[in-house]
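*Asks:* Can you read through this structure? Questions will come right after.
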Amino acid sequence: MVGVPLATLKPKRVRKNIELTLWEKLYVFEVLRGLFITTKHFVSNMIGFVIPPKGEKRSIFTVYYPEEKVTLPPAYRGRPVLVAREDGTAKCVACGLCEKICPACAIAIVGGETANEERYPVKYTLDMSRCVYCGYCEEVCPKEAIVMSSEYEGLAQRDRRNMLYPKEKLLRSEENVKGRIEYIRRIYSKCSY
Amino acid sequence: MLADLIESIAKIVFIFSVNLGFFAPVLGWVERKQSAVMQDRIGANRADIFGYTAIGLFHSIADAIKVLCKEDFIPTGANRFFHTVAPFVSLVPAIATFSVIPFGGSYTLFGHNVHLVIADLDVGILFIFALASLSTYGVVLAGWSSRSNWSLLGGLRASGQMLSYEVAMGLTIIGVIMVYGSLKLTDIGAMQADFFRWGIFMQPLGFILFLACAIAENKRAPFDVPEAESELVAGYFTEYSGLKFVMFWMGEFLEIVTIGGIVTTLFFGAWHLPFVTDQMLLSFFQFAGPNGAVILAMLVNIATFFAKVVFFIWLQMAIRWTLPRFRYDQIMRLCWKMILPLALINILITGLVVLLWIK
């Protein structure tokens, strides 16, 4: 859950005066005040190393990757993935809109026709070395067939040919990306175009 | 004669090993860890040997190994001689200044008078300022000889800043010298045996001004425009890599230790514990015999001195990671229009007080 609850926010009075008061012009006392604040952090963190603080409140904000991982919000734009139907084929109808709108020209589609006279992508190649993770393809897709998952690991390869992800590598089940699909339904329904 | 030689060699070896062997690598660790703990994060602690991470201390060894394996290059068109010599000119004064700082009092050990200071010069404080002026050359040479825009700007800023603050630093100390009546650092230390004759009570304004000038002289934040990490790439040591870079860096850290040592000696009672005199110490350690008592008293005094130095190192690191950097014209204005007049007023008032009250 991101964001601060509105009830806890209190309006803070900001001094608009640009001129420094005499107390502030004697820089020494303000320096001491600043040192007091940082020393307070120092001491409380040093004590926190020996006696960890109780409760949920973390004093040290470092996430100890790779042992700990950050919990990502649903708005996070990770690697684009193709959504699969229950029978394993892609929802994509090879309309070519994502290919057209991609600002980095990372998507290449070769369309074809199934036996049921439906369109499907024969070849769907997403060049990971070109993708900028902007999310335009997800926004423009009329079938919710491509979404930005929250995957960020394993994206580096030693060979550029391995960065051309074919359709099989991009498919994920609908269960996997359910959170993202609900999120994009919520935010994109607010757009008036 | 032989006893003198042994004593000198022992002191030199002790100070060298403490300074270069202990303080220089540990200060690199302290900078990382203290800044991390002050900023609510963990800091570097992943370097390990056989799975044992010593809370990040091995990063210093890793740094040393990395630095020794780097290519040492001189930019094309640069002045080769000065480019090579500059780190040495910057490092050697930082190490040599520590030779006049007393880290203990004088004792009689085995019938021999031992002063715990490498060189008991009659002009103690002036020697420190003289050497500090030499380190300005290192910075200016580094900036000029690198044939690079960033280095030149860093070197110019450094030269102006360091020269101005040397003048101010000299004047802030005159108050202390007037109160204690001597330039010898061992005399000033010995006269602070009584807690209420510590320099901080006699010269509070002098302490603040001297600390500001010394931090500015050392080019540490908030006065680190010559280095200016976010503005000038790395300022005057942009074109340095490997061991030469580490020499600059180590010179800066060793000067932190030196400043801690000078401030302790002049203002915070050198090696004395508050409210504990030498006689009390010697009688406390009576059980070890006369020589043993002296050795134990020496150890207590050395430990007190280094504890105070460590506190000032911590304070300088805390100041670095708390305050934002000054603008260059603010630095110059601070020196010439604020610190210098205040130092002169300090001299005036101290002179009046010494003349009217203490005499």
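Chain labels A, B, ... are given in the sequence in which chains occur in the structure tokens; within each chain residues are numbered consecutively from 1, and ligands are likewise numbered from 1 in the order shown.
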For chain A versus chain B, which residues have an atom no more than 9 Å away, and what is each residue's nearest atom pair and distance in Å rounded to one decimal, using only C-alpha atoms, chain-then-number order, as a tab-separated table?
*Replies:*
```
residue	atom	partner	partner_atom	distance
A:Val28	CA	B:Ile208	CA	8.4
A:Val31	CA	B:Leu323	CA	7.4
A:Gly34	CA	B:Thr322	CA	6.7
A:Leu35	CA	B:Thr322	CA	6.4
A:Ile37	CA	B:Thr322	CA	8.9
A:Thr38	CA	B:Met38	CA	5.9
A:Thr39	CA	B:Met38	CA	7.0
A:Lys40	CA	B:Met38	CA	8.3
A:His41	CA	B:Met38	CA	5.5
A:Phe42	CA	B:Met38	CA	4.5
A:Val43	CA	B:Met38	CA	8.2
A:Asn45	CA	B:Val37	CA	6.1
A:Met46	CA	B:Val37	CA	7.0
A:Ser59	CA	B:Asp40	CA	6.4
A:Ile60	CA	B:Asp40	CA	4.7
A:Phe61	CA	B:Arg41	CA	5.6
A:Thr62	CA	B:Arg41	CA	5.2
A:Val63	CA	B:Arg41	CA	8.9
A:Tyr64	CA	B:Ile42	CA	8.9
```
*Asks:* Can you pull out the residues contacting B:Asp187? Cut-off 10 Å, using only C-alpha atoms, and skip same-chain residues under 6 positions away; I want them as a VMD selection string.
*Replies:* chain B and resid 102 105 120 122 124 180 to 181
*Asks:* Got a sec to tell me which of stretch 87-144 of chain B DSSP assigns to strand (DSSP E), as a ChimeraX atom specification?
*Replies:* /B:106-109,112-115
*Asks:* Which residues are close to B:Ala132, i.e. within 10 Å by only C-alpha atoms, leaving aside same-chain residues fewer than 4 positions away? Reply as a ChimeraX atom specification.
*Replies:* /B:90,93-94,96-97,126-128,136-137,162,166,214,217-218,255
*Asks:* Might you pull out every residue within 9 Å of A:Ser173, with only C-alpha atoms counted and same-chain residues fewer than 2 positions away left off, and present them as a VMD selection string?
*Replies:* chain A and resid 82 to 86 88 171 175 to 178
*Asks:* Mind pulling up the distance from atom CA of B:Ala297 to atom CA of B:Thr108?
*Replies:*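 So the answer is 11.2 Å.
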*Asks:* Output as a VMD selection string all residues of chain A that backbone DSSP marks as alpha helix (DSSP H).
*Replies:* chain A and resid 22 to 25 27 to 50 97 to 101 136 to 140 167 to 170 178 to 188
*Asks:* Using only C-alpha atoms, which protein or nucleic acid residues come within 10 Å of A:Lys143? Drop anything in the same chain fewer than 4 positions from it, and give the result as a list in words.
*Replies:*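 Contacts, with the query itself left out: Val83, Lys91, Cys92, Val93, Cys95 and Glu138 of chain A.
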*Asks:* Which residue gives the smallest distance to B:Arg327 among B:Lys33, B:Arg157, B:Lys11, B:Lys308, with only C-alpha atoms counted?
*Replies:*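 The closest residue to B:Arg327 is B:Arg157.
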*Asks:* Leaving out B:Arg197 and any residue of its chain fewer than 6 positions from it, which residues lie within 10 Å of it when counting only C-alpha atoms, given as a VMD selection string?
*Replies:* chain B and resid 179 to 180 191 267 to 269
*Asks:* The selected residues should be written to file as a short mmCIF file (atom, residue, chain, number, x, y, z; two decimals), in the first residue's frame (atoms: N, CA and C atoms).
*Replies:*
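The resulting out-v7.cif:
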```cif
data_model
loop_
_atom_site.label_atom_id
_atom_site.label_comp_id
_atom_site.auth_asym_id
_atom_site.auth_seq_id
_atom_site.Cartn_x
_atom_site.Cartn_y
_atom_site.Cartn_z
N VAL B 179 47.73 32.97 26.24
CA VAL B 179 47.25 32.50 27.54
C VAL B 179 48.28 31.57 28.18
N TYR B 180 48.85 30.66 27.38
CA TYR B 180 49.77 29.70 27.98
C TYR B 180 51.21 30.17 27.95
N MET B 191 50.51 22.41 30.98
CA MET B 191 49.81 23.42 31.76
C MET B 191 48.32 23.16 31.86
N PHE B 267 43.34 22.63 23.10
CA PHE B 267 42.09 23.05 23.73
C PHE B 267 41.49 22.06 24.70
N PHE B 268 41.85 20.82 24.60
CA PHE B 268 41.11 19.84 25.40
C PHE B 268 42.00 19.04 26.31
N GLY B 269 43.08 19.65 26.78
CA GLY B 269 43.85 19.03 27.86
C GLY B 269 44.75 17.92 27.43
#
```
*Asks:* Measuring atom to atom with only C-alpha atoms, identify which of B:Leu243, B:Ile256, B:Met178, B:Gly289 is nearest to B:Val354.
*Replies:*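 The closest residue to B:Val354 is B:Met178.
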